[in-house]
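Chemist: my_file-v5.txt is reproduced in full below (compact mmCIF, C-alpha atoms).
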# COMPACT_ATOMS: atom_id res chain seq x y z
CA MET A 4 -28.03 8.66 14.91
CA ARG A 5 -24.66 7.22 15.87
CA PHE A 6 -22.70 5.31 13.22
CA VAL A 7 -19.71 3.37 14.52
CA VAL A 8 -17.10 1.90 12.16
CA ILE A 9 -14.55 -0.70 13.27
CA GLY A 10 -11.46 -0.39 11.06
CA GLY A 11 -9.95 2.66 9.37
CA ASP A 12 -8.72 1.29 6.05
CA ALA A 13 -10.27 1.40 2.58
CA ALA A 14 -13.77 0.17 3.40
CA GLY A 15 -14.08 1.84 6.81
CA MET A 16 -12.85 5.28 5.74
CA SER A 17 -14.83 5.15 2.47
CA ALA A 18 -17.96 4.48 4.49
CA ALA A 19 -17.26 7.15 7.12
CA SER A 20 -16.50 9.81 4.48
CA ARG A 21 -19.52 8.99 2.37
CA ALA A 22 -21.86 8.93 5.36
CA ARG A 23 -20.57 12.37 6.33
CA ARG A 24 -21.31 13.76 2.85
CA SER A 25 -24.88 12.41 2.94
CA ALA A 26 -25.62 13.14 6.59
CA PRO A 27 -23.97 16.32 7.95
CA GLU A 28 -25.58 15.80 11.37
CA MET A 29 -24.72 12.13 11.89
CA GLU A 30 -22.42 11.21 14.76
CA ILE A 31 -19.64 9.14 13.12
CA THR A 32 -16.93 7.32 15.08
CA VAL A 33 -14.14 5.18 13.61
CA LEU A 34 -12.21 2.77 15.85
CA GLU A 35 -8.79 1.97 14.38
CA GLN A 36 -6.33 -0.25 16.22
CA GLY A 37 -3.24 1.07 14.40
CA GLU A 38 -1.78 4.53 13.87
CA ASP A 39 -2.57 4.86 10.18
CA VAL A 40 -5.75 5.26 8.20
CA SER A 41 -6.70 5.05 4.54
CA TYR A 42 -3.60 4.34 2.47
CA SER A 43 -3.33 3.14 -1.10
CA ALA A 44 -2.02 -0.40 -1.70
CA MET B 131 3.65 -0.31 -1.52
CA PRO B 132 6.27 -2.45 -3.33
CA TYR B 133 6.89 0.42 -5.76
CA ASN B 134 7.46 2.81 -2.88
CA ILE B 135 9.74 0.30 -1.09
CA SER B 136 12.03 0.07 -4.14
CA ASP B 137 12.65 3.84 -4.03
CA PRO B 138 14.68 4.78 -0.92
CA ARG B 139 14.13 8.50 -1.61
CA ARG B 140 10.35 8.19 -1.27
CA ALA B 141 8.83 8.29 2.22
CA ILE B 142 6.37 5.46 2.93
CA ASP B 143 3.92 8.06 4.26
CA ASP B 144 3.54 9.34 0.66
CA LEU B 145 1.01 6.52 0.36
CA VAL B 146 -1.33 7.95 2.96
CA VAL B 147 -4.18 9.35 0.86
CA ARG B 148 -5.56 11.46 3.67
CA GLN B 149 -3.96 12.11 7.03
CA ALA B 150 -5.96 11.23 10.12
CA ASP B 151 -6.38 14.88 11.04
CA VAL B 152 -8.16 15.64 7.76
CA PHE B 153 -10.89 13.22 8.78
CA ARG B 154 -11.01 14.67 12.28
CA LYS B 155 -10.92 18.39 11.51
CA LYS B 156 -12.35 18.80 8.01
CA MET B 157 -14.89 15.97 8.05
CA ASP B 158 -15.89 15.94 11.69
CA ILE B 159 -15.31 12.19 12.00
CA ALA B 160 -14.31 11.01 15.48
CA LEU B 161 -11.33 8.94 14.36
CA LEU B 162 -9.92 7.09 17.34
CA THR B 163 -6.56 5.51 16.46
CA ARG B 164 -4.96 2.92 18.76
CA HIS B 165 -8.47 1.80 19.73
CA ARG B 166 -8.93 -1.96 19.37
CA ALA B 167 -12.48 -3.32 19.45
CA THR B 168 -12.60 -6.58 21.39
CA GLY B 169 -16.30 -7.34 21.58
CA ILE B 170 -19.76 -6.49 20.26
CA ASP B 171 -22.80 -6.54 22.55
CA ARG B 172 -25.59 -6.96 20.00
CA GLN B 173 -28.45 -6.73 22.52
CA GLY B 174 -27.09 -3.57 24.12
CA ARG B 175 -25.77 -2.23 20.77
CA LYS B 176 -22.35 -1.50 22.20
CA VAL B 177 -18.75 -2.06 21.13
CA VAL B 178 -16.16 -2.64 23.83
CA GLY B 179 -12.41 -2.50 23.45
CA GLU B 180 -9.01 -1.32 24.62
CA GLY B 181 -7.59 2.13 23.93
CA PRO B 182 -4.61 4.20 25.04
CA ARG B 183 -6.44 5.20 28.24
CA GLY B 184 -7.68 1.71 29.12
CA SER B 185 -10.89 -0.02 28.18
CA PHE B 186 -13.68 1.80 26.38
CA GLU B 187 -17.32 1.23 25.52
CA ILE B 188 -19.27 2.94 22.74
CA SER B 189 -22.92 2.51 21.81
CA TYR B 190 -24.17 2.48 18.21
CA ASP B 191 -27.36 2.74 16.20
CA ALA B 192 -25.59 1.32 13.14
CA LEU B 193 -22.31 -0.58 13.19
CA LEU B 194 -19.94 -1.33 10.30
CA ILE B 195 -17.29 -4.03 10.65
CA ALA B 196 -14.42 -3.14 8.31
CA THR B 197 -11.62 -5.05 10.00
CA GLY B 198 -9.85 -6.12 6.80
CA ALA B 199 -7.59 -9.14 6.41
CA THR B 200 -4.33 -10.28 7.98
CA PRO B 201 -1.39 -12.08 6.34
CA VAL B 202 -1.22 -15.75 7.23
CA SER B 203 2.14 -17.01 8.37
CA PRO B 204 3.38 -20.58 8.02
CA GLU B 205 3.39 -22.53 11.29
CA GLN B 206 7.02 -23.63 11.12
CA PRO B 207 9.46 -22.09 13.62
CA GLY B 208 11.32 -18.85 12.98
CA PHE B 209 8.63 -16.77 11.33
CA ASP B 210 8.74 -14.38 14.30
CA LEU B 211 12.46 -13.60 13.92
CA PRO B 212 13.60 -10.02 13.23
CA GLY B 213 13.96 -9.58 9.48
CA VAL B 214 11.12 -11.99 8.71
CA LEU B 215 8.50 -9.55 7.48
CA THR B 216 5.09 -9.42 5.81
CA LEU B 217 3.48 -6.72 3.70
CA LYS B 218 -0.11 -5.73 4.24
CA ARG B 219 -0.44 -2.64 6.36
CA LEU B 220 1.49 0.60 6.10
CA GLU B 221 3.38 -0.33 9.28
CA ASP B 222 4.67 -3.40 7.45
CA GLY B 223 5.95 -1.27 4.58
CA ARG B 224 7.60 1.07 7.04
CA ARG B 225 9.25 -1.90 8.77
CA ILE B 226 10.59 -3.32 5.47
CA LYS B 227 11.93 0.08 4.43
CA SER B 228 13.73 0.70 7.69
CA TRP B 229 15.13 -2.86 7.68
CA LEU B 230 16.54 -2.24 4.18
CA ALA B 231 17.96 1.13 5.23
CA SER B 232 19.56 -0.10 8.43
CA ARG B 233 21.81 -2.87 7.07
CA SER B 234 23.35 -4.27 3.94
CA VAL B 235 20.75 -6.59 2.46
CA ARG B 236 22.38 -8.75 -0.19
CA ALA B 237 19.89 -11.60 -0.48
CA ALA B 238 16.19 -12.03 0.18
CA VAL B 239 13.92 -15.06 0.26
CA ILE B 240 10.26 -14.54 -0.58
CA VAL B 241 7.94 -17.22 0.81
CA GLY B 242 4.85 -17.40 -1.41
CA MET B 243 4.28 -16.66 -5.09
CA GLY B 244 1.15 -14.56 -5.19
CA TYR B 245 0.99 -11.03 -6.54
CA ILE B 246 2.55 -9.45 -3.42
CA GLY B 247 5.48 -11.84 -3.74
CA MET B 248 5.85 -11.03 -7.46
CA GLU B 249 5.68 -7.27 -6.91
CA MET B 250 8.19 -7.49 -4.06
CA ALA B 251 10.55 -9.62 -6.19
CA GLU B 252 10.67 -6.77 -8.67
CA ALA B 253 11.06 -4.13 -5.94
CA LEU B 254 13.97 -6.00 -4.30
CA ARG B 255 15.72 -6.71 -7.62
CA ALA B 256 15.51 -2.97 -8.36
CA LEU B 257 17.59 -2.51 -5.21
CA ASP B 258 20.08 -5.07 -6.58
CA ILE B 259 19.17 -7.66 -3.95
CA GLU B 260 19.40 -11.35 -4.88
CA VAL B 261 15.91 -12.85 -4.75
CA THR B 262 14.78 -16.45 -4.33
CA MET B 263 11.05 -17.22 -4.29
CA VAL B 264 9.95 -20.43 -2.56
CA LYS B 265 6.67 -22.26 -2.05
CA PRO B 266 5.84 -25.79 -0.90
CA ARG B 267 3.42 -26.70 -3.67
CA PRO B 268 4.15 -27.21 -7.39
CA GLY B 269 3.31 -24.57 -9.99
CA LEU B 270 4.48 -20.97 -10.12
CA LEU B 271 0.98 -19.49 -10.44
CA PRO B 272 -1.20 -22.61 -10.45
CA TRP B 273 -4.36 -20.75 -11.46
CA LEU B 274 -2.67 -19.36 -14.57
CA ALA B 275 -2.90 -21.30 -17.85
CA PRO B 276 0.38 -23.21 -18.51
CA ASP B 277 1.60 -21.11 -21.47
CA LEU B 278 0.92 -17.90 -19.56
CA ALA B 279 2.66 -19.18 -16.43
CA ALA B 280 5.64 -20.17 -18.61
CA ALA B 281 5.87 -16.58 -19.89
CA VAL B 282 5.96 -15.31 -16.30
CA GLN B 283 8.58 -17.90 -15.37
CA GLU B 284 10.74 -16.84 -18.33
CA CYS B 285 10.44 -13.21 -17.23
CA LEU B 286 11.50 -14.05 -13.66
CA THR B 287 14.47 -16.09 -14.92
CA HIS B 288 15.47 -13.25 -17.25
CA ASN B 289 15.46 -10.90 -14.25
CA ALA B 290 17.58 -13.29 -12.15
CA VAL B 291 14.81 -14.26 -9.71
CA ALA B 292 15.26 -17.87 -8.60
CA VAL B 293 11.97 -19.75 -8.38
CA ARG B 294 11.82 -22.82 -6.14
CA THR B 295 8.49 -24.62 -6.14
CA GLN B 296 8.05 -27.74 -3.96
CA PHE B 297 10.43 -26.23 -1.43
CA GLN B 298 9.22 -27.94 1.77
CA LEU B 299 10.01 -25.29 4.29
CA GLU B 300 11.11 -26.57 7.65
CA GLY B 301 11.90 -23.31 9.43
CA ILE B 302 14.00 -20.20 9.67
CA ASN B 303 16.82 -19.55 12.10
CA ALA B 304 19.23 -16.71 12.73
CA GLN B 305 22.94 -17.41 12.48
CA ASN B 306 25.90 -14.98 12.35
CA ASP B 307 23.64 -12.01 11.71
CA ARG B 308 21.93 -13.71 8.76
CA LEU B 309 18.72 -15.67 8.35
CA ARG B 310 18.77 -19.28 7.17
CA VAL B 311 15.69 -20.68 5.48
CA THR B 312 15.83 -24.44 5.69
CA ALA B 313 13.93 -27.04 3.68
CA GLN B 314 13.20 -30.65 4.60
CA GLY B 315 16.27 -32.59 3.56
CA GLY B 316 18.57 -29.93 4.93
CA GLU B 317 18.99 -27.50 2.04
CA THR B 318 19.49 -23.97 3.34
CA LEU B 319 19.08 -20.56 1.73
CA ALA B 320 20.93 -17.67 3.38
CA ALA B 321 19.12 -14.32 3.44
CA ASP B 322 19.24 -10.91 5.07
CA LEU B 323 15.49 -10.49 4.67
CA VAL B 324 12.64 -13.00 4.44
CA LEU B 325 9.36 -11.71 3.06
CA VAL B 326 6.34 -13.84 3.90
CA ALA B 327 3.60 -13.44 1.28
CA THR B 328 1.52 -16.58 1.67
CA GLY B 329 -1.90 -14.97 1.44
CA VAL B 330 -4.36 -13.41 3.84
CA ARG B 331 -7.32 -14.44 5.97
CA PRO B 332 -10.35 -12.30 6.88
CA ASN B 333 -10.35 -10.63 10.28
CA SER B 334 -13.69 -12.07 11.26
CA ASP B 335 -13.04 -13.19 14.85
CA LEU B 336 -14.97 -10.24 16.30
CA ALA B 337 -17.96 -11.04 14.06
CA ALA B 338 -17.75 -14.77 14.80
CA LYS B 339 -17.59 -14.08 18.54
CA ALA B 340 -20.71 -11.93 18.21
CA GLY B 341 -22.49 -14.87 16.56
CA LEU B 342 -22.75 -13.40 13.05
CA VAL B 343 -23.05 -15.83 10.13
CA LEU B 344 -19.78 -16.45 8.27
CA GLY B 345 -19.31 -17.20 4.56
CA PRO B 346 -16.51 -18.75 2.48
CA SER B 347 -13.01 -18.84 4.05
CA ARG B 348 -14.56 -17.55 7.30
CA SER B 349 -15.34 -14.16 5.75
CA ILE B 350 -18.40 -12.33 7.10
CA ALA B 351 -21.52 -13.17 5.08
CA ILE B 352 -23.31 -10.03 3.82
CA ASP B 353 -26.27 -9.26 1.56
CA GLY B 354 -26.69 -6.73 -1.28
CA ARG B 355 -26.95 -3.94 1.30
CA THR B 356 -23.79 -5.09 3.16
CA ARG B 357 -25.95 -6.28 6.08
CA THR B 358 -24.77 -9.22 8.13
CA SER B 359 -27.13 -11.70 9.78
CA ASP B 360 -27.80 -8.87 12.29
CA PRO B 361 -29.45 -6.00 10.32
CA ALA B 362 -27.96 -3.36 12.67
CA ILE B 363 -24.46 -4.59 11.75
CA ARG B 364 -22.96 -4.21 8.29
CA ALA B 365 -19.61 -5.51 7.05
CA ALA B 366 -17.48 -4.32 4.13
CA GLY B 367 -14.01 -4.74 2.70
CA ASP B 368 -11.52 -7.58 2.98
CA CYS B 369 -13.32 -9.08 6.01
CA ALA B 370 -16.59 -9.60 4.10
CA ASP B 371 -17.72 -11.91 1.32
CA ALA B 372 -19.28 -11.04 -2.05
CA PHE B 373 -21.68 -12.54 -4.55
CA HIS B 374 -19.77 -14.00 -7.51
CA VAL B 375 -21.56 -12.96 -10.70
CA VAL B 376 -20.29 -15.94 -12.73
CA THR B 377 -20.91 -18.78 -10.26
CA GLY B 378 -23.91 -17.20 -8.54
CA GLN B 379 -22.38 -18.28 -5.24
CA ARG B 380 -20.77 -16.50 -2.32
CA ALA B 381 -17.04 -15.88 -2.74
CA TRP B 382 -14.22 -14.31 -0.79
CA ILE B 383 -11.97 -12.33 -3.14
CA PRO B 384 -10.50 -9.46 -1.10
CA LEU B 385 -9.49 -6.60 -3.43
CA ALA B 386 -9.32 -2.82 -3.15
CA LEU B 387 -12.07 -1.67 -5.51
CA ARG B 388 -14.65 -3.93 -3.90
CA ALA B 389 -13.61 -2.71 -0.43
CA ASN B 390 -14.12 0.93 -1.40
CA ARG B 391 -17.40 0.20 -3.18
CA ALA B 392 -18.81 -1.90 -0.33
CA GLY B 393 -17.83 0.91 2.07
CA TRP B 394 -19.92 3.33 0.01
CA ALA B 395 -22.82 0.89 -0.09
CA ALA B 396 -22.72 0.44 3.70
CA ALA B 397 -22.79 4.23 4.20
CA ASP B 398 -25.68 4.68 1.76
CA ASP B 399 -27.66 1.96 3.52
CA VAL B 400 -27.01 3.53 6.92
CA CYS B 401 -28.21 6.87 5.49
CA GLY B 402 -31.43 5.29 4.24
CA LYS B 403 -30.62 5.45 0.52
CA PRO B 404 -31.61 2.56 -1.78
CA VAL B 405 -28.65 0.18 -2.17
CA ASP B 406 -28.18 -2.72 -4.55
CA LEU B 407 -24.54 -3.80 -4.34
CA GLN B 408 -23.73 -6.06 -7.30
CA GLY B 409 -21.24 -8.90 -7.15
CA VAL B 410 -17.68 -9.39 -8.27
CA VAL B 411 -16.12 -11.34 -11.14
CA GLY B 412 -12.65 -11.58 -9.60
CA SER B 413 -10.79 -9.13 -11.85
CA ALA B 414 -7.16 -8.60 -10.92
CA VAL B 415 -3.98 -7.36 -12.54
CA PHE B 416 -0.40 -7.16 -11.38
CA LYS B 417 2.99 -6.32 -12.79
CA VAL B 418 5.99 -8.67 -12.87
CA PHE B 419 8.97 -6.65 -14.17
CA ASP B 420 7.96 -5.70 -17.73
CA LEU B 421 5.01 -8.10 -17.88
CA ALA B 422 1.42 -7.52 -16.88
CA VAL B 423 -0.61 -10.50 -15.65
CA ALA B 424 -4.39 -10.14 -15.58
CA ARG B 425 -7.39 -12.30 -14.91
CA THR B 426 -11.14 -12.05 -14.61
CA GLY B 427 -13.78 -14.69 -13.94
CA LEU B 428 -13.10 -18.39 -13.50
CA THR B 429 -10.28 -20.73 -14.40
CA ALA B 430 -11.32 -23.99 -16.09
CA ALA B 431 -10.84 -25.83 -12.78
CA GLU B 432 -12.96 -23.31 -10.86
CA ALA B 433 -15.60 -23.52 -13.60
CA ALA B 434 -15.76 -27.30 -13.32
CA ASP B 435 -16.07 -26.99 -9.51
CA ALA B 436 -18.96 -24.56 -9.96
CA GLY B 437 -20.83 -27.08 -12.13
CA PHE B 438 -20.02 -25.73 -15.60
CA GLU B 439 -18.67 -27.84 -18.44
CA PRO B 440 -15.61 -25.76 -19.34
CA ALA B 441 -13.80 -25.50 -22.68
CA GLU B 442 -10.62 -23.45 -22.88
CA VAL B 443 -8.28 -21.99 -25.47
CA THR B 444 -4.95 -20.18 -25.33
CA ILE B 445 -3.77 -17.99 -28.19
CA HIS B 446 -0.60 -15.99 -28.75
CA THR B 447 -0.81 -12.92 -30.89
CA SER B 448 0.75 -9.53 -31.39
CA SER B 449 0.13 -6.51 -29.19
CA ARG B 450 0.15 -4.24 -32.26
CA ALA B 451 -0.91 -4.46 -35.90
CA HIS B 452 1.11 -6.61 -38.30
CA GLY B 453 4.39 -4.91 -39.11
CA HIS B 454 3.89 -2.11 -36.62
CA PRO B 455 7.18 -1.45 -34.75
CA GLY B 456 7.52 -2.14 -31.03
CA ALA B 457 5.05 -5.04 -30.92
CA SER B 458 5.37 -7.83 -28.37
CA THR B 459 3.54 -11.09 -27.76
CA ILE B 460 0.23 -11.06 -25.95
CA HIS B 461 -1.04 -14.36 -24.55
CA VAL B 462 -4.80 -14.77 -24.09
CA HIS B 463 -6.59 -17.62 -22.37
CA LEU B 464 -10.40 -17.87 -22.42
CA VAL B 465 -12.78 -20.26 -20.69
CA GLY B 466 -16.36 -20.88 -21.82
CA ASP B 467 -19.22 -23.17 -20.85
CA LYS B 468 -20.10 -25.93 -23.34
CA LYS B 469 -23.65 -26.22 -22.02
CA SER B 470 -24.72 -22.55 -22.15
CA GLY B 471 -22.06 -21.08 -24.45
CA ARG B 472 -21.39 -18.48 -21.77
CA LEU B 473 -18.01 -16.78 -21.33
CA LEU B 474 -16.67 -17.80 -17.90
CA GLY B 475 -13.19 -16.34 -17.61
CA ALA B 476 -10.20 -14.68 -19.23
CA GLN B 477 -6.49 -14.43 -18.47
CA MET B 478 -3.82 -12.43 -20.22
CA VAL B 479 -0.06 -11.98 -20.03
CA GLY B 480 1.99 -9.52 -22.06
CA ARG B 481 4.25 -6.51 -22.02
CA GLU B 482 1.59 -4.10 -23.20
CA GLY B 483 -2.15 -3.93 -23.79
CA VAL B 484 -3.07 -6.31 -20.96
CA ALA B 485 -4.10 -4.33 -17.90
CA GLN B 486 -6.90 -2.37 -19.59
CA ARG B 487 -7.85 -5.00 -22.18
CA ILE B 488 -8.90 -7.47 -19.45
CA ASN B 489 -11.69 -5.06 -18.53
CA ALA B 490 -13.57 -5.80 -21.77
CA ALA B 491 -13.81 -9.42 -20.66
CA ALA B 492 -14.78 -8.36 -17.12
CA VAL B 493 -17.70 -6.32 -18.47
CA ALA B 494 -18.75 -9.26 -20.67
CA LEU B 495 -18.84 -11.46 -17.55
CA HIS B 496 -21.00 -8.92 -15.70
CA ALA B 497 -23.34 -8.89 -18.72
CA ARG B 498 -23.36 -12.71 -18.71
CA MET B 499 -22.49 -12.74 -22.43
CA THR B 500 -22.01 -15.89 -24.45
CA VAL B 501 -18.65 -16.40 -26.15
CA GLU B 502 -20.44 -16.01 -29.50
CA HIS B 503 -21.94 -12.66 -28.46
CA PHE B 504 -18.59 -11.48 -27.02
CA GLY B 505 -16.92 -12.48 -30.30
CA GLN B 506 -19.24 -10.06 -32.10
CA THR B 507 -18.38 -7.02 -29.97
CA ASP B 508 -17.10 -3.93 -31.75
CA LEU B 509 -13.72 -3.35 -30.10
CA ALA B 510 -11.53 -0.38 -30.93
CA TYR B 511 -8.66 -0.75 -33.38
CA ALA B 512 -5.65 1.29 -34.50
CA PRO B 513 -2.24 -0.18 -35.43
CA PRO B 514 -0.27 1.05 -32.36
CA PHE B 515 -2.81 -0.54 -29.99
CA GLY B 516 -3.51 -3.96 -31.47
CA PRO B 517 -4.26 -6.07 -34.52
CA THR B 518 -7.49 -5.48 -36.50
CA TRP B 519 -8.98 -8.48 -34.73
CA ASP B 520 -8.39 -7.67 -31.08
CA PRO B 521 -6.52 -10.47 -29.22
CA LEU B 522 -9.69 -11.11 -27.16
CA LEU B 523 -11.71 -11.56 -30.36
CA VAL B 524 -9.09 -13.92 -31.82
CA ALA B 525 -9.39 -16.02 -28.66
CA ALA B 526 -13.20 -15.85 -28.68
CA ASN B 527 -13.29 -17.05 -32.31
CA GLN B 528 -11.11 -20.02 -31.34
CA LEU B 529 -13.20 -20.79 -28.26
CA ILE B 530 -16.45 -20.82 -30.29
CA LYS B 531 -14.99 -23.77 -32.24
CA ALA B 532 -14.14 -25.60 -29.01
CA LEU B 533 -17.57 -25.20 -27.41
I'd like the structure from this file rewritten - as structure tokens, please.

Modeler:
Amino acid sequence: MRFVVIGGDAAGMSAASRARRSAPEMEITVLEQGEDVSYSA
Amino acid sequence: MPYNISDPRRAIDDLVVRQADVFRKKMDIALLTRHRATGIDRQGRKVVGEGPRGSFEISYDALLIATGATPVSPEQPGFDLPGVLTLKRLEDGRRIKSWLASRSVRAAVIVGMGYIGMEMAEALRALDIEVTMVKPRPGLLPWLAPDLAAAVQECLTHNAVAVRTQFQLEGINAQNDRLRVTAQGGETLAADLVLVATGVRPNSDLAAKAGLVLGPSRSIAIDGRTRTSDPAIRAAGDCADAFHVVTGQRAWIPLALRANRAGWAAADDVCGKPVDLQGVVGSAVFKVFDLAVARTGLTAAEAADAGFEPAEVTIHTSSRAHGHPGASTIHVHLVGDKKSGRLLGAQMVGREGVAQRINAAAVALHARMTVEHFGQTDLAYAPPFGPTWDPLLVAANQLIKAL
């Protein structure tokens, strides 16, 4: 199973992290156009 | 970010909750920065894009679009000049901070009067920068009830922030190392920094290009499992819409809690867990100097648009029990529906007791309570925290009479 996320901010990184906790074997890729991920507003 | 920007000793990177390498090394997530997706091939289940080593292609079983929102910039000339900045992404905050550090900034113009503009006004005043806020339309915060907006205006005036509504912006130009913000008619404001905070739009171009159904304000339409019109593609965060619990219609209200929650829901759905993502009521709070401004649900105008028959009240009461020292005024505005008696919205402005108190009204909206029922709720009381009759209950009692 390959899960691809476009965008590494709040929603994207929340989803990637949570999917990892539920599915240790899942292949998870996040595509982020900038340099930064997951910051607080 | 505005609170970080006002403190030159704090690094902007303090705001990064988790560094990219934590995701890569500890969580085994292939996080590819500087990778821009440019297209989705739905038949072939592939994403194509451009990365640091040229174009790339990646296939998926499940795809999540979490592309966020982008600040909108007015179309007049000069908004691309150096020193004309927006605030959305961390890069923007970094740019503002380095601009402030690299020159003497005496005066700033803020274009737009939403919560980012308000928070930045406070941040720039804390750095002893002269601040003028401008917008083309009338009304400081047009969605806010008049008495509450007047309290915010008074607070801005008290803190030497000039507010110029109906300022018909013609453009910005650079002259003698300063920026000049010009209005129709020729009036000019000189500034060393112009902050553009005129709202955001959803980054839905990729989804639109892939033929996915769009919702309000061109956000991506999703269901209670975050699925778009293509069940292999989910969307979450500021790029996606939400069900509005009060109107029962789709809405686009991009805020942080919803983005995080929808991200969780998308992951659970991808992992095969049961998901039932509930809607939003539009709760928001922000700080303007020593005031808190909060809202949840609908304004009377929004209620009328959604087909309700709204009645509204505004009350002014004390933030603490009668005679208790340190009290200040708390302004409460409630909206109810004359037909059903239902509570439709609440707004509050005050120096204390606002940010958390609004949540009682938010929960009442989720529970679809009537004003009468809300007026009967058993809310906590002690003299330092409010009057015996909580300000929300005082307002509810008044609204019952108006319904």

Chemist: Near B:Lys176, within 9 Å and counting all atoms listed in the file, which residues show up once chain neighbours fewer than 6 positions away are dropped, as a PyMOL selection string?

Modeler: chain B and resi 169-170+187-191

Chemist: Can you spit out the residues from that selection as a JSON list (two decimals), keeping the file's coordinate frame, using C-alpha atoms?

Modeler:
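File part.json, as written:
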[["chain", "number", "residue", "atom", "x", "y", "z"],
["B", 169, "GLY", "CA", -16.30, -7.34, 21.58],
["B", 170, "ILE", "CA", -19.76, -6.49, 20.26],
["B", 187, "GLU", "CA", -17.32, 1.23, 25.52],
["B", 188, "ILE", "CA", -19.27, 2.94, 22.74],
["B", 189, "SER", "CA", -22.92, 2.51, 21.81],
["B", 190, "TYR", "CA", -24.17, 2.48, 18.21],
["B", 191, "ASP", "CA", -27.36, 2.74, 16.20]]

Chemist: Using all atoms listed in the file and a distance of at most 9 Å, pull out the residues of chain B that contact chain A, as a VMD selection string.

Modeler: chain B and resid 131 to 132 143 to 150 153 157 to 167 177 180 to 181 188 to 198 218 to 221 365 to 368 386 to 398 400 to 401

Chemist: Residues of the last selection are to be written out with C-alpha atoms, as a compact mmCIF listing (two decimals), in the frame of the given file.

Modeler:
# COMPACT_ATOMS: atom_id res chain seq x y z
CA MET B 131 3.65 -0.31 -1.52
CA PRO B 132 6.27 -2.45 -3.33
CA ASP B 143 3.92 8.06 4.26
CA ASP B 144 3.54 9.34 0.66
CA LEU B 145 1.01 6.52 0.36
CA VAL B 146 -1.33 7.95 2.96
CA VAL B 147 -4.18 9.35 0.86
CA ARG B 148 -5.56 11.46 3.67
CA GLN B 149 -3.96 12.11 7.03
CA ALA B 150 -5.96 11.23 10.12
CA PHE B 153 -10.89 13.22 8.78
CA MET B 157 -14.89 15.97 8.05
CA ASP B 158 -15.89 15.94 11.69
CA ILE B 159 -15.31 12.19 12.00
CA ALA B 160 -14.31 11.01 15.48
CA LEU B 161 -11.33 8.94 14.36
CA LEU B 162 -9.92 7.09 17.34
CA THR B 163 -6.56 5.51 16.46
CA ARG B 164 -4.96 2.92 18.76
CA HIS B 165 -8.47 1.80 19.73
CA ARG B 166 -8.93 -1.96 19.37
CA ALA B 167 -12.48 -3.32 19.45
CA VAL B 177 -18.75 -2.06 21.13
CA GLU B 180 -9.01 -1.32 24.62
CA GLY B 181 -7.59 2.13 23.93
CA ILE B 188 -19.27 2.94 22.74
CA SER B 189 -22.92 2.51 21.81
CA TYR B 190 -24.17 2.48 18.21
CA ASP B 191 -27.36 2.74 16.20
CA ALA B 192 -25.59 1.32 13.14
CA LEU B 193 -22.31 -0.58 13.19
CA LEU B 194 -19.94 -1.33 10.30
CA ILE B 195 -17.29 -4.03 10.65
CA ALA B 196 -14.42 -3.14 8.31
CA THR B 197 -11.62 -5.05 10.00
CA GLY B 198 -9.85 -6.12 6.80
CA LYS B 218 -0.11 -5.73 4.24
CA ARG B 219 -0.44 -2.64 6.36
CA LEU B 220 1.49 0.60 6.10
CA GLU B 221 3.38 -0.33 9.28
CA ALA B 365 -19.61 -5.51 7.05
CA ALA B 366 -17.48 -4.32 4.13
CA GLY B 367 -14.01 -4.74 2.70
CA ASP B 368 -11.52 -7.58 2.98
CA ALA B 386 -9.32 -2.82 -3.15
CA LEU B 387 -12.07 -1.67 -5.51
CA ARG B 388 -14.65 -3.93 -3.90
CA ALA B 389 -13.61 -2.71 -0.43
CA ASN B 390 -14.12 0.93 -1.40
CA ARG B 391 -17.40 0.20 -3.18
CA ALA B 392 -18.81 -1.90 -0.33
CA GLY B 393 -17.83 0.91 2.07
CA TRP B 394 -19.92 3.33 0.01
CA ALA B 395 -22.82 0.89 -0.09
CA ALA B 396 -22.72 0.44 3.70
CA ALA B 397 -22.79 4.23 4.20
CA ASP B 398 -25.68 4.68 1.76
CA VAL B 400 -27.01 3.53 6.92
CA CYS B 401 -28.21 6.87 5.49

Chemist: Which residues are near B:Gln314? Cut-off 8 Å, only C-alpha atoms, ignore same chain within fewer than 6 positions. Put them as a list in words.

Modeler: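 My list of contacting residues is Phe297, Gln298, Leu299 and Glu300 of chain B.
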
Chemist: Interatomic distance between atom CA of B:Val443 and atom CA of B:Pro521?

Modeler: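 Interatomic distance here is 12.2 Å.
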
Chemist: I'd like the interatomic distance between atom CA of B:Phe515 and atom CA of B:Arg450, to a tenth of an Å.

Modeler: 5.3 Å

Chemist: Here's a test: counting only C-alpha atoms, identify every protein, DNA and RNA residue with an atom at most 9 Å from (6.8, -26.2, -7.3) in the file's coordinate frame, and state them as JSON, numbers by chain.

Modeler: {"B": [264, 265, 266, 267, 268, 269, 270, 293, 294, 295, 296, 297]}

Chemist: Got time to write the residues from that selection, C-alpha atoms, as a tab-separated table (two decimals), keeping the file's coordinate frame?

Modeler:
chain	number	residue	atom	x	y	z
B	264	VAL	CA	9.95	-20.43	-2.56
B	265	LYS	CA	6.67	-22.26	-2.05
B	266	PRO	CA	5.84	-25.79	-0.90
B	267	ARG	CA	3.42	-26.70	-3.67
B	268	PRO	CA	4.15	-27.21	-7.39
B	269	GLY	CA	3.31	-24.57	-9.99
B	270	LEU	CA	4.48	-20.97	-10.12
B	293	VAL	CA	11.97	-19.75	-8.38
B	294	ARG	CA	11.82	-22.82	-6.14
B	295	THR	CA	8.49	-24.62	-6.14
B	296	GLN	CA	8.05	-27.74	-3.96
B	297	PHE	CA	10.43	-26.23	-1.43
